[in-house]
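Source file: model-v7.tsv (TSV, N, CA and C atoms)
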chain	number	residue	atom	x	y	z
A	1	MET	N	-27.10	-14.00	1.26
A	1	MET	CA	-26.16	-13.18	0.50
A	1	MET	C	-26.67	-11.74	0.48
A	2	ASP	N	-25.75	-10.82	0.65
A	2	ASP	CA	-26.09	-9.41	0.57
A	2	ASP	C	-26.46	-9.08	-0.87
A	3	ASN	N	-27.69	-8.68	-1.07
A	3	ASN	CA	-28.16	-8.39	-2.42
A	3	ASN	C	-28.58	-6.93	-2.52
A	4	SER	N	-27.91	-6.07	-1.74
A	4	SER	CA	-28.26	-4.66	-1.74
A	4	SER	C	-27.90	-4.02	-3.07
A	5	LEU	N	-28.49	-2.89	-3.31
A	5	LEU	CA	-28.20	-2.15	-4.54
A	5	LEU	C	-26.72	-1.81	-4.64
A	6	ALA	N	-26.12	-1.40	-3.52
A	6	ALA	CA	-24.70	-1.04	-3.53
A	6	ALA	C	-23.84	-2.24	-3.93
A	7	THR	N	-24.17	-3.41	-3.41
A	7	THR	CA	-23.41	-4.62	-3.75
A	7	THR	C	-23.59	-4.97	-5.22
A	8	ARG	N	-24.81	-4.91	-5.70
A	8	ARG	CA	-25.06	-5.23	-7.12
A	8	ARG	C	-24.32	-4.24	-8.03
A	9	VAL	N	-24.36	-2.96	-7.68
A	9	VAL	CA	-23.67	-1.94	-8.49
A	9	VAL	C	-22.16	-2.20	-8.47
A	10	ARG	N	-21.62	-2.50	-7.29
A	10	ARG	CA	-20.18	-2.80	-7.18
A	10	ARG	C	-19.81	-4.00	-8.05
A	11	HIS	N	-20.61	-5.06	-7.99
A	11	HIS	CA	-20.33	-6.25	-8.78
A	11	HIS	C	-20.42	-5.96	-10.27
A	12	VAL	N	-21.41	-5.19	-10.68
A	12	VAL	CA	-21.52	-4.82	-12.10
A	12	VAL	C	-20.31	-4.01	-12.53
A	13	CYS	N	-19.87	-3.08	-11.67
A	13	CYS	CA	-18.68	-2.28	-12.01
A	13	CYS	C	-17.44	-3.16	-12.14
A	14	PHE	N	-17.27	-4.11	-11.21
A	14	PHE	CA	-16.13	-5.02	-11.30
A	14	PHE	C	-16.17	-5.81	-12.61
A	15	LEU	N	-17.33	-6.36	-12.92
A	15	LEU	CA	-17.45	-7.18	-14.14
A	15	LEU	C	-17.29	-6.35	-15.40
A	16	LEU	N	-17.80	-5.12	-15.40
A	16	LEU	CA	-17.59	-4.23	-16.56
A	16	LEU	C	-16.11	-3.88	-16.72
A	17	ALA	N	-15.40	-3.69	-15.61
A	17	ALA	CA	-13.96	-3.42	-15.69
A	17	ALA	C	-13.24	-4.62	-16.29
A	18	GLY	N	-13.62	-5.82	-15.87
A	18	GLY	CA	-13.02	-7.02	-16.44
A	18	GLY	C	-13.31	-7.16	-17.93
A	19	ALA	N	-14.54	-6.89	-18.33
A	19	ALA	CA	-14.90	-6.97	-19.75
A	19	ALA	C	-14.16	-5.91	-20.56
A	20	ALA	N	-14.06	-4.70	-20.02
A	20	ALA	CA	-13.32	-3.63	-20.70
A	20	ALA	C	-11.86	-4.02	-20.86
A	21	ALA	N	-11.29	-4.65	-19.84
A	21	ALA	CA	-9.90	-5.09	-19.92
A	21	ALA	C	-9.70	-6.07	-21.07
A	22	LEU	N	-10.63	-7.00	-21.22
A	22	LEU	CA	-10.51	-7.97	-22.33
A	22	LEU	C	-10.58	-7.26	-23.68
A	23	VAL	N	-11.55	-6.39	-23.83
A	23	VAL	CA	-11.76	-5.72	-25.11
A	23	VAL	C	-10.59	-4.79	-25.45
A	24	LEU	N	-10.04	-4.13	-24.45
A	24	LEU	CA	-8.97	-3.16	-24.70
A	24	LEU	C	-7.58	-3.78	-24.83
A	25	THR	N	-7.35	-4.94	-24.21
A	25	THR	CA	-6.00	-5.51	-24.22
A	25	THR	C	-5.79	-6.61	-25.24
A	26	TRP	N	-6.80	-7.43	-25.49
A	26	TRP	CA	-6.57	-8.60	-26.32
A	26	TRP	C	-6.25	-8.33	-27.79
A	27	PRO	N	-6.69	-7.22	-28.39
A	27	PRO	CA	-6.22	-6.97	-29.77
A	27	PRO	C	-4.69	-6.91	-29.84
A	28	TYR	N	-4.05	-6.36	-28.81
A	28	TYR	CA	-2.59	-6.30	-28.77
A	28	TYR	C	-1.99	-7.69	-28.57
A	29	ALA	N	-2.64	-8.50	-27.75
A	29	ALA	CA	-2.16	-9.87	-27.56
A	29	ALA	C	-2.25	-10.66	-28.85
A	30	PHE	N	-3.34	-10.49	-29.59
A	30	PHE	CA	-3.49	-11.20	-30.86
A	30	PHE	C	-2.41	-10.78	-31.85
A	31	ASP	N	-2.11	-9.48	-31.90
A	31	ASP	CA	-1.03	-8.99	-32.77
A	31	ASP	C	0.31	-9.62	-32.38
A	32	TRP	N	0.60	-9.64	-31.09
A	32	TRP	CA	1.85	-10.20	-30.60
A	32	TRP	C	1.94	-11.68	-30.93
A	33	MET	N	0.84	-12.41	-30.76
A	33	MET	CA	0.84	-13.84	-31.07
A	33	MET	C	0.96	-14.08	-32.57
A	34	ALA	N	0.37	-13.21	-33.37
A	34	ALA	CA	0.49	-13.33	-34.82
A	34	ALA	C	1.94	-13.15	-35.26
A	35	ASP	N	2.71	-12.39	-34.49
A	35	ASP	CA	4.14	-12.19	-34.79
A	35	ASP	C	5.01	-13.29	-34.18
A	36	GLY	N	4.38	-14.34	-33.62
A	36	GLY	CA	5.13	-15.48	-33.10
A	36	GLY	C	5.18	-15.58	-31.60
A	37	GLY	N	4.53	-14.68	-30.87
A	37	GLY	CA	4.54	-14.73	-29.42
A	37	GLY	C	3.69	-15.87	-28.89
A	38	ASN	N	4.09	-16.37	-27.72
A	38	ASN	CA	3.37	-17.45	-27.05
A	38	ASN	C	2.83	-16.93	-25.73
A	39	ILE	N	1.52	-16.76	-25.66
A	39	ILE	CA	0.89	-16.17	-24.47
A	39	ILE	C	1.06	-17.05	-23.23
A	40	LEU	N	1.35	-18.32	-23.43
A	40	LEU	CA	1.55	-19.22	-22.29
A	40	LEU	C	2.98	-19.20	-21.77
A	41	ASN	N	3.83	-18.36	-22.35
A	41	ASN	CA	5.22	-18.23	-21.91
A	41	ASN	C	5.40	-16.84	-21.31
A	42	PRO	N	5.16	-16.69	-19.99
A	42	PRO	CA	5.24	-15.36	-19.40
A	42	PRO	C	6.64	-14.74	-19.46
A	43	VAL	N	7.69	-15.55	-19.49
A	43	VAL	CA	9.04	-15.00	-19.59
A	43	VAL	C	9.21	-14.27	-20.93
A	44	ALA	N	8.79	-14.92	-22.01
A	44	ALA	CA	8.87	-14.27	-23.32
A	44	ALA	C	7.94	-13.07	-23.40
A	45	PHE	N	6.75	-13.23	-22.85
A	45	PHE	CA	5.77	-12.14	-22.90
A	45	PHE	C	6.30	-10.89	-22.22
A	46	PHE	N	6.74	-11.04	-20.95
A	46	PHE	CA	7.23	-9.87	-20.24
A	46	PHE	C	8.58	-9.40	-20.78
A	47	GLY	N	9.39	-10.33	-21.28
A	47	GLY	CA	10.65	-9.94	-21.92
A	47	GLY	C	10.42	-9.05	-23.13
A	48	ASP	N	9.46	-9.44	-23.97
A	48	ASP	CA	9.13	-8.60	-25.13
A	48	ASP	C	8.56	-7.26	-24.71
A	49	ALA	N	7.80	-7.24	-23.62
A	49	ALA	CA	7.21	-5.99	-23.16
A	49	ALA	C	8.26	-5.06	-22.56
A	50	ILE	N	9.29	-5.63	-21.94
A	50	ILE	CA	10.33	-4.82	-21.29
A	50	ILE	C	11.33	-4.27	-22.32
A	51	SER	N	11.55	-5.00	-23.39
A	51	SER	CA	12.63	-4.66	-24.33
A	51	SER	C	12.58	-3.25	-24.91
A	52	PRO	N	11.40	-2.63	-25.15
A	52	PRO	CA	11.44	-1.25	-25.66
A	52	PRO	C	11.96	-0.24	-24.64
A	53	GLY	N	11.94	-0.60	-23.35
A	53	GLY	CA	12.44	0.30	-22.31
A	53	GLY	C	11.39	1.32	-21.89
A	54	GLY	N	11.79	2.24	-21.05
A	54	GLY	CA	10.94	3.34	-20.61
A	54	GLY	C	9.62	2.90	-20.00
A	55	THR	N	8.56	3.50	-20.49
A	55	THR	CA	7.22	3.25	-19.95
A	55	THR	C	6.82	1.80	-20.11
A	56	ALA	N	7.15	1.20	-21.24
A	56	ALA	CA	6.78	-0.20	-21.46
A	56	ALA	C	7.45	-1.09	-20.42
A	57	ALA	N	8.71	-0.84	-20.13
A	57	ALA	CA	9.42	-1.64	-19.13
A	57	ALA	C	8.82	-1.43	-17.75
A	58	PHE	N	8.55	-0.20	-17.40
A	58	PHE	CA	7.94	0.09	-16.11
A	58	PHE	C	6.62	-0.66	-15.95
A	59	LEU	N	5.75	-0.54	-16.94
A	59	LEU	CA	4.43	-1.19	-16.87
A	59	LEU	C	4.55	-2.71	-16.88
A	60	ALA	N	5.46	-3.25	-17.67
A	60	ALA	CA	5.62	-4.70	-17.73
A	60	ALA	C	6.14	-5.26	-16.41
A	61	ILE	N	7.12	-4.61	-15.82
A	61	ILE	CA	7.66	-5.08	-14.54
A	61	ILE	C	6.60	-4.93	-13.45
A	62	ASP	N	5.91	-3.81	-13.43
A	62	ASP	CA	4.86	-3.58	-12.44
A	62	ASP	C	3.76	-4.64	-12.56
A	63	MET	N	3.34	-4.92	-13.78
A	63	MET	CA	2.29	-5.91	-14.00
A	63	MET	C	2.76	-7.32	-13.69
A	64	ALA	N	4.00	-7.63	-14.00
A	64	ALA	CA	4.54	-8.96	-13.71
A	64	ALA	C	4.54	-9.23	-12.21
A	65	ILE	N	4.93	-8.23	-11.44
A	65	ILE	CA	4.95	-8.39	-9.98
A	65	ILE	C	3.52	-8.50	-9.45
A	66	ALA	N	2.62	-7.63	-9.93
A	66	ALA	CA	1.22	-7.70	-9.49
A	66	ALA	C	0.61	-9.05	-9.86
A	67	TRP	N	0.93	-9.56	-11.03
A	67	TRP	CA	0.40	-10.85	-11.48
A	67	TRP	C	0.90	-11.98	-10.58
A	68	ALA	N	2.19	-11.96	-10.26
A	68	ALA	CA	2.76	-13.00	-9.39
A	68	ALA	C	2.10	-12.97	-8.01
A	69	VAL	N	1.92	-11.76	-7.46
A	69	VAL	CA	1.27	-11.63	-6.16
A	69	VAL	C	-0.18	-12.12	-6.24
A	70	PHE	N	-0.88	-11.75	-7.29
A	70	PHE	CA	-2.27	-12.21	-7.46
A	70	PHE	C	-2.34	-13.73	-7.50
A	71	MET	N	-1.44	-14.36	-8.26
A	71	MET	CA	-1.50	-15.81	-8.40
A	71	MET	C	-1.30	-16.51	-7.06
A	72	VAL	N	-0.39	-16.02	-6.24
A	72	VAL	CA	-0.17	-16.63	-4.93
A	72	VAL	C	-1.36	-16.32	-4.00
A	73	TRP	N	-1.75	-15.06	-3.96
A	73	TRP	CA	-2.82	-14.65	-3.05
A	73	TRP	C	-4.14	-15.35	-3.36
A	74	VAL	N	-4.53	-15.42	-4.63
A	74	VAL	CA	-5.85	-15.96	-4.96
A	74	VAL	C	-5.96	-17.43	-4.57
A	75	VAL	N	-4.91	-18.19	-4.71
A	75	VAL	CA	-4.96	-19.61	-4.34
A	75	VAL	C	-5.19	-19.76	-2.84
A	76	PHE	N	-4.42	-19.04	-2.05
A	76	PHE	CA	-4.53	-19.17	-0.59
A	76	PHE	C	-5.78	-18.47	-0.05
A	77	ASP	N	-6.19	-17.36	-0.67
A	77	ASP	CA	-7.41	-16.70	-0.23
A	77	ASP	C	-8.63	-17.56	-0.52
A	78	ALA	N	-8.66	-18.18	-1.70
A	78	ALA	CA	-9.79	-19.05	-2.03
A	78	ALA	C	-9.90	-20.19	-1.03
A	79	LYS	N	-8.78	-20.76	-0.65
A	79	LYS	CA	-8.78	-21.84	0.35
A	79	LYS	C	-9.23	-21.30	1.71
A	80	ARG	N	-8.70	-20.15	2.09
A	80	ARG	CA	-9.00	-19.57	3.40
A	80	ARG	C	-10.49	-19.26	3.57
A	81	ILE	N	-11.15	-18.77	2.54
A	81	ILE	CA	-12.56	-18.39	2.67
A	81	ILE	C	-13.51	-19.55	2.39
A	82	GLY	N	-12.97	-20.72	2.02
A	82	GLY	CA	-13.81	-21.89	1.85
A	82	GLY	C	-14.15	-22.25	0.42
A	83	LEU	N	-13.61	-21.52	-0.55
A	83	LEU	CA	-13.82	-21.89	-1.96
A	83	LEU	C	-12.97	-23.09	-2.33
A	84	GLY	N	-11.80	-23.20	-1.73
A	84	GLY	CA	-10.90	-24.31	-1.99
A	84	GLY	C	-9.80	-23.96	-2.97
A	85	TYR	N	-8.75	-24.78	-2.93
A	85	TYR	CA	-7.62	-24.58	-3.83
A	85	TYR	C	-8.02	-24.68	-5.30
A	86	ARG	N	-8.99	-25.53	-5.60
A	86	ARG	CA	-9.40	-25.72	-7.00
A	86	ARG	C	-9.89	-24.41	-7.60
A	87	TRP	N	-10.72	-23.65	-6.85
A	87	TRP	CA	-11.20	-22.37	-7.36
A	87	TRP	C	-10.04	-21.38	-7.49
A	88	GLY	N	-9.11	-21.43	-6.55
A	88	GLY	CA	-7.94	-20.56	-6.68
A	88	GLY	C	-7.17	-20.87	-7.94
A	89	ALA	N	-7.01	-22.16	-8.24
A	89	ALA	CA	-6.31	-22.56	-9.46
A	89	ALA	C	-7.07	-22.11	-10.71
A	90	VAL	N	-8.38	-22.13	-10.66
A	90	VAL	CA	-9.19	-21.66	-11.80
A	90	VAL	C	-8.86	-20.19	-12.09
A	91	PHE	N	-8.75	-19.40	-11.04
A	91	PHE	CA	-8.45	-17.98	-11.25
A	91	PHE	C	-7.01	-17.74	-11.65
A	92	VAL	N	-6.10	-18.61	-11.26
A	92	VAL	CA	-4.72	-18.53	-11.77
A	92	VAL	C	-4.75	-18.75	-13.28
A	93	VAL	N	-5.47	-19.76	-13.73
A	93	VAL	CA	-5.59	-20.03	-15.17
A	93	VAL	C	-6.24	-18.83	-15.87
A	94	LEU	N	-7.31	-18.29	-15.29
A	94	LEU	CA	-7.96	-17.12	-15.90
A	94	LEU	C	-7.01	-15.92	-15.97
A	95	SER	N	-6.05	-15.84	-15.05
A	95	SER	CA	-5.12	-14.72	-15.08
A	95	SER	C	-4.23	-14.75	-16.32
A	96	TYR	N	-4.11	-15.91	-16.96
A	96	TYR	CA	-3.37	-15.96	-18.22
A	96	TYR	C	-4.14	-15.26	-19.33
A	97	ILE	N	-5.45	-15.16	-19.17
A	97	ILE	CA	-6.26	-14.37	-20.11
A	97	ILE	C	-6.05	-12.90	-19.81
A	98	GLY	N	-5.89	-12.59	-18.54
A	98	GLY	CA	-5.61	-11.22	-18.12
A	98	GLY	C	-5.92	-11.04	-16.65
A	99	VAL	N	-4.96	-10.54	-15.90
A	99	VAL	CA	-5.19	-10.28	-14.49
A	99	VAL	C	-6.26	-9.22	-14.34
A	100	SER	N	-6.28	-8.25	-15.25
A	100	SER	CA	-7.27	-7.19	-15.16
A	100	SER	C	-8.69	-7.70	-15.42
A	101	MET	N	-8.83	-8.91	-15.93
A	101	MET	CA	-10.14	-9.54	-16.06
A	101	MET	C	-10.35	-10.52	-14.90
A	102	ALA	N	-9.35	-11.33	-14.58
A	102	ALA	CA	-9.50	-12.36	-13.56
A	102	ALA	C	-9.71	-11.76	-12.17
A	103	PHE	N	-9.02	-10.69	-11.85
A	103	PHE	CA	-9.12	-10.12	-10.51
A	103	PHE	C	-10.52	-9.60	-10.20
A	104	PRO	N	-11.13	-8.78	-11.06
A	104	PRO	CA	-12.50	-8.34	-10.73
A	104	PRO	C	-13.50	-9.50	-10.67
A	105	VAL	N	-13.33	-10.49	-11.54
A	105	VAL	CA	-14.23	-11.64	-11.50
A	105	VAL	C	-14.04	-12.41	-10.19
A	106	TYR	N	-12.79	-12.53	-9.74
A	106	TYR	CA	-12.55	-13.19	-8.45
A	106	TYR	C	-13.19	-12.40	-7.32
A	107	LEU	N	-13.08	-11.08	-7.35
A	107	LEU	CA	-13.67	-10.27	-6.28
A	107	LEU	C	-15.18	-10.50	-6.19
A	108	VAL	N	-15.86	-10.56	-7.32
A	108	VAL	CA	-17.30	-10.82	-7.32
A	108	VAL	C	-17.58	-12.22	-6.79
A	109	THR	N	-16.84	-13.21	-7.27
A	109	THR	CA	-17.02	-14.59	-6.81
A	109	THR	C	-16.79	-14.68	-5.31
A	110	ARG	N	-15.75	-14.02	-4.84
A	110	ARG	CA	-15.38	-14.02	-3.42
A	110	ARG	C	-16.50	-13.41	-2.58
A	111	GLU	N	-16.97	-12.22	-2.99
A	111	GLU	CA	-18.01	-11.55	-2.22
A	111	GLU	C	-19.30	-12.35	-2.20
A	112	ARG	N	-19.66	-12.93	-3.33
A	112	ARG	CA	-20.88	-13.74	-3.37
A	112	ARG	C	-20.75	-14.97	-2.49
A	113	HIS	N	-19.59	-15.61	-2.51
A	113	HIS	CA	-19.36	-16.78	-1.67
A	113	HIS	C	-19.45	-16.40	-0.19
A	114	LEU	N	-18.76	-15.33	0.18
A	114	LEU	CA	-18.80	-14.89	1.58
A	114	LEU	C	-20.20	-14.45	1.98
A	115	GLY	N	-20.92	-13.83	1.04
A	115	GLY	CA	-22.29	-13.41	1.32
A	115	GLY	C	-23.21	-14.58	1.59
A	116	LYS	N	-23.02	-15.67	0.87
A	116	LYS	CA	-23.83	-16.88	1.09
A	116	LYS	C	-23.54	-17.48	2.46
A	117	ARG	N	-22.30	-17.32	2.90
A	117	ARG	CA	-21.91	-17.84	4.23
A	117	ARG	C	-22.30	-16.87	5.34
A	118	GLY	N	-22.78	-15.69	4.97
A	118	GLY	CA	-23.15	-14.70	5.97
A	118	GLY	C	-21.98	-13.91	6.52
A	119	ALA	N	-20.83	-14.00	5.84
A	119	ALA	CA	-19.62	-13.35	6.32
A	119	ALA	C	-19.50	-11.91	5.83
A	120	VAL	N	-20.31	-11.52	4.82
A	120	VAL	CA	-20.23	-10.17	4.27
A	120	VAL	C	-21.61	-9.54	4.36
A	121	LYS	N	-21.65	-8.35	4.86
A	121	LYS	CA	-22.94	-7.62	4.95
A	121	LYS	C	-22.94	-6.48	3.99
Please express the file's structure as structure tokens.
Amino acid sequence: MDNSLATRVRHVCFLLAGAAALVLTWPYAFDWMADGGNILNPVAFFGDAISPGGTAAFLAIDMAIAWAVFMVWVVFDAKRIGLGYRWGAVFVVLSYIGVSMAFPVYLVTRERHLGKRGAVK
């Protein structure tokens, strides 16, 4: 596995971005759930986010599309690189916590896996 300083720094930056995403976004999710929202219902979640219009609608639609693409890509990419469908499904589940957390964690997992196989320098 590539254990260079650049790789370690990149992985730390990815993981810090994921941690920052959790800390910055989840207080809003807790407020929404306290008002009766169900985080496991993406239709209601994105519907509530779109309803104010303007910037909220733009960001909600943009994130919904990015989330859908991530969920499809991560499953097939995990299989393609040898992690398997099960690991892809794990990251789909983690994306319900937040794509902005799951994606950087997947990138680190992916790079480390490929590094062990000698596929990444």
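Of the listed residues A:Asp2, A:Glu111, A:Asp77, A:Asp62, the one whose atoms come nearest to Phe46 in chain A is A:Asp62, with distances taken using only C-alpha atoms.
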Give me the residues near Gly118 in chain A as a PyMOL selection string, where near means some atom within 12 Å (using only C-alpha atoms) and where sequence neighbours in that chain fewer than 5 positions away do not count. chain A and resi 1-3+81+111-113
As JSON, numbers by chain, please: the residues near Thr25 in chain A (cut-off 12 Å, only C-alpha atoms, same-chain neighbours under 5 positions excluded). {"A": [17, 18, 19, 20, 30, 31, 32, 97, 98, 99, 100, 101]}
Based on the selection just made, write N, CA and C atoms of those residues as a short mmCIF file (atom, residue, chain, number, x, y, z; two decimals), keeping the file's coordinate frame.
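Final output, saved to again-v2.cif:
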data_model
loop_
_atom_site.label_atom_id
_atom_site.label_comp_id
_atom_site.auth_asym_id
_atom_site.auth_seq_id
_atom_site.Cartn_x
_atom_site.Cartn_y
_atom_site.Cartn_z
N ALA A 17 -15.40 -3.69 -15.61
CA ALA A 17 -13.96 -3.42 -15.69
C ALA A 17 -13.24 -4.62 -16.29
N GLY A 18 -13.62 -5.82 -15.87
CA GLY A 18 -13.02 -7.02 -16.44
C GLY A 18 -13.31 -7.16 -17.93
N ALA A 19 -14.54 -6.89 -18.33
CA ALA A 19 -14.90 -6.97 -19.75
C ALA A 19 -14.16 -5.91 -20.56
N ALA A 20 -14.06 -4.70 -20.02
CA ALA A 20 -13.32 -3.63 -20.70
C ALA A 20 -11.86 -4.02 -20.86
N PHE A 30 -3.34 -10.49 -29.59
CA PHE A 30 -3.49 -11.20 -30.86
C PHE A 30 -2.41 -10.78 -31.85
N ASP A 31 -2.11 -9.48 -31.90
CA ASP A 31 -1.03 -8.99 -32.77
C ASP A 31 0.31 -9.62 -32.38
N TRP A 32 0.60 -9.64 -31.09
CA TRP A 32 1.85 -10.20 -30.60
C TRP A 32 1.94 -11.68 -30.93
N ILE A 97 -5.45 -15.16 -19.17
CA ILE A 97 -6.26 -14.37 -20.11
C ILE A 97 -6.05 -12.90 -19.81
N GLY A 98 -5.89 -12.59 -18.54
CA GLY A 98 -5.61 -11.22 -18.12
C GLY A 98 -5.92 -11.04 -16.65
N VAL A 99 -4.96 -10.54 -15.90
CA VAL A 99 -5.19 -10.28 -14.49
C VAL A 99 -6.26 -9.22 -14.34
N SER A 100 -6.28 -8.25 -15.25
CA SER A 100 -7.27 -7.19 -15.16
C SER A 100 -8.69 -7.70 -15.42
N MET A 101 -8.83 -8.91 -15.93
CA MET A 101 -10.14 -9.54 -16.06
C MET A 101 -10.35 -10.52 -14.90
#
Kindly compute an axis-aligned box around the listed atoms of range 91-102 of chain A, allowing 6 Å on each side, and express its centre and edge lengths in Å to one decimal as AutoDock Vina command-line options.
--center_x -6.9 --center_y -13.6 --center_z -15.6 --size_x 19.0 --size_y 24.8 --size_z 21.1
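Pairwise distance (atom N of Gly36 in chain A, atom C of Ala68 in chain A) equals 25.7 Å.
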Selection near Val72 in chain A, 12 Å with only C-alpha atoms, sequence-local residues under 4 positions removed, as an mmCIF file with N, CA and C atoms, in the coordinates of the input:
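Now in part11.cif:
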data_model
loop_
_atom_site.group_PDB
_atom_site.id
_atom_site.type_symbol
_atom_site.label_atom_id
_atom_site.label_comp_id
_atom_site.auth_asym_id
_atom_site.auth_seq_id
_atom_site.Cartn_x
_atom_site.Cartn_y
_atom_site.Cartn_z
ATOM 1 N N ILE A 65 4.930 -8.230 -11.440
ATOM 2 C CA ILE A 65 4.950 -8.390 -9.980
ATOM 3 C C ILE A 65 3.520 -8.500 -9.450
ATOM 4 N N ALA A 66 2.620 -7.630 -9.930
ATOM 5 C CA ALA A 66 1.220 -7.700 -9.490
ATOM 6 C C ALA A 66 0.610 -9.050 -9.860
ATOM 7 N N TRP A 67 0.930 -9.560 -11.030
ATOM 8 C CA TRP A 67 0.400 -10.850 -11.480
ATOM 9 C C TRP A 67 0.900 -11.980 -10.580
ATOM 10 N N ALA A 68 2.190 -11.960 -10.260
ATOM 11 C CA ALA A 68 2.760 -13.000 -9.390
ATOM 12 C C ALA A 68 2.100 -12.970 -8.010
ATOM 13 N N PHE A 76 -4.420 -19.040 -2.050
ATOM 14 C CA PHE A 76 -4.530 -19.170 -0.590
ATOM 15 C C PHE A 76 -5.780 -18.470 -0.050
ATOM 16 N N ASP A 77 -6.190 -17.360 -0.670
ATOM 17 C CA ASP A 77 -7.410 -16.700 -0.230
ATOM 18 C C ASP A 77 -8.630 -17.560 -0.520
ATOM 19 N N ALA A 78 -8.660 -18.180 -1.700
ATOM 20 C CA ALA A 78 -9.790 -19.050 -2.030
ATOM 21 C C ALA A 78 -9.900 -20.190 -1.030
ATOM 22 N N LYS A 79 -8.780 -20.760 -0.650
ATOM 23 C CA LYS A 79 -8.780 -21.840 0.350
ATOM 24 C C LYS A 79 -9.230 -21.300 1.710
ATOM 25 N N TYR A 85 -8.750 -24.780 -2.930
ATOM 26 C CA TYR A 85 -7.620 -24.580 -3.830
ATOM 27 C C TYR A 85 -8.020 -24.680 -5.300
ATOM 28 N N GLY A 88 -9.110 -21.430 -6.550
ATOM 29 C CA GLY A 88 -7.940 -20.560 -6.680
ATOM 30 C C GLY A 88 -7.170 -20.870 -7.940
ATOM 31 N N ALA A 89 -7.010 -22.160 -8.240
ATOM 32 C CA ALA A 89 -6.310 -22.560 -9.460
ATOM 33 C C ALA A 89 -7.070 -22.110 -10.710
ATOM 34 N N PHE A 91 -8.750 -19.400 -11.040
ATOM 35 C CA PHE A 91 -8.450 -17.980 -11.250
ATOM 36 C C PHE A 91 -7.010 -17.740 -11.650
ATOM 37 N N VAL A 92 -6.100 -18.610 -11.260
ATOM 38 C CA VAL A 92 -4.720 -18.530 -11.770
ATOM 39 C C VAL A 92 -4.750 -18.750 -13.280
ATOM 40 N N SER A 95 -6.050 -15.840 -15.050
ATOM 41 C CA SER A 95 -5.120 -14.720 -15.080
ATOM 42 C C SER A 95 -4.230 -14.750 -16.320
#
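Going from atom C of Gly82 in chain A to CA of Val105 in chain A covers 16.0 Å.
For the residues A:Ala57, A:Leu83, A:Ala21, A:Ala6, ranking by smallest atom-to-atom distance to Lys116 in chain A using only C-alpha atoms places A:Leu83 first.
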Please reconstruct the missing atoms of range 48-59 of chain A (target: N, CA, C and O atoms) and return them as an mmCIF file, in the coordinates of the input.
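Final output, saved to rebuild.cif:
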data_model
loop_
_atom_site.group_PDB
_atom_site.id
_atom_site.type_symbol
_atom_site.label_atom_id
_atom_site.label_comp_id
_atom_site.auth_asym_id
_atom_site.auth_seq_id
_atom_site.Cartn_x
_atom_site.Cartn_y
_atom_site.Cartn_z
ATOM 1 N N ASP A 48 9.460 -9.440 -23.970
ATOM 2 C CA ASP A 48 9.130 -8.600 -25.130
ATOM 3 C C ASP A 48 8.560 -7.260 -24.710
ATOM 4 O O ASP A 48 8.790 -6.240 -25.366
ATOM 5 N N ALA A 49 7.800 -7.240 -23.620
ATOM 6 C CA ALA A 49 7.210 -5.990 -23.160
ATOM 7 C C ALA A 49 8.260 -5.060 -22.560
ATOM 8 O O ALA A 49 8.147 -3.837 -22.683
ATOM 9 N N ILE A 50 9.290 -5.630 -21.940
ATOM 10 C CA ILE A 50 10.330 -4.820 -21.290
ATOM 11 C C ILE A 50 11.330 -4.270 -22.320
ATOM 12 O O ILE A 50 11.870 -3.180 -22.156
ATOM 13 N N SER A 51 11.550 -5.000 -23.390
ATOM 14 C CA SER A 51 12.630 -4.660 -24.330
ATOM 15 C C SER A 51 12.580 -3.250 -24.910
ATOM 16 O O SER A 51 13.634 -2.671 -25.140
ATOM 17 N N PRO A 52 11.400 -2.630 -25.150
ATOM 18 C CA PRO A 52 11.440 -1.250 -25.660
ATOM 19 C C PRO A 52 11.960 -0.240 -24.640
ATOM 20 O O PRO A 52 12.358 0.851 -25.003
ATOM 21 N N GLY A 53 11.940 -0.600 -23.350
ATOM 22 C CA GLY A 53 12.440 0.300 -22.310
ATOM 23 C C GLY A 53 11.390 1.320 -21.890
ATOM 24 O O GLY A 53 10.227 1.254 -22.286
ATOM 25 N N GLY A 54 11.790 2.240 -21.050
ATOM 26 C CA GLY A 54 10.940 3.340 -20.610
ATOM 27 C C GLY A 54 9.620 2.900 -20.000
ATOM 28 O O GLY A 54 9.575 2.048 -19.111
ATOM 29 N N THR A 55 8.560 3.500 -20.490
ATOM 30 C CA THR A 55 7.220 3.250 -19.950
ATOM 31 C C THR A 55 6.820 1.800 -20.110
ATOM 32 O O THR A 55 6.231 1.215 -19.197
ATOM 33 N N ALA A 56 7.150 1.200 -21.240
ATOM 34 C CA ALA A 56 6.780 -0.200 -21.460
ATOM 35 C C ALA A 56 7.450 -1.090 -20.420
ATOM 36 O O ALA A 56 6.815 -2.005 -19.872
ATOM 37 N N ALA A 57 8.710 -0.840 -20.130
ATOM 38 C CA ALA A 57 9.420 -1.640 -19.130
ATOM 39 C C ALA A 57 8.820 -1.430 -17.750
ATOM 40 O O ALA A 57 8.598 -2.400 -17.013
ATOM 41 N N PHE A 58 8.550 -0.200 -17.400
ATOM 42 C CA PHE A 58 7.940 0.090 -16.110
ATOM 43 C C PHE A 58 6.620 -0.660 -15.950
ATOM 44 O O PHE A 58 6.386 -1.341 -14.949
ATOM 45 N N LEU A 59 5.750 -0.540 -16.940
ATOM 46 C CA LEU A 59 4.430 -1.190 -16.870
ATOM 47 C C LEU A 59 4.550 -2.710 -16.880
ATOM 48 O O LEU A 59 3.822 -3.397 -16.159
#
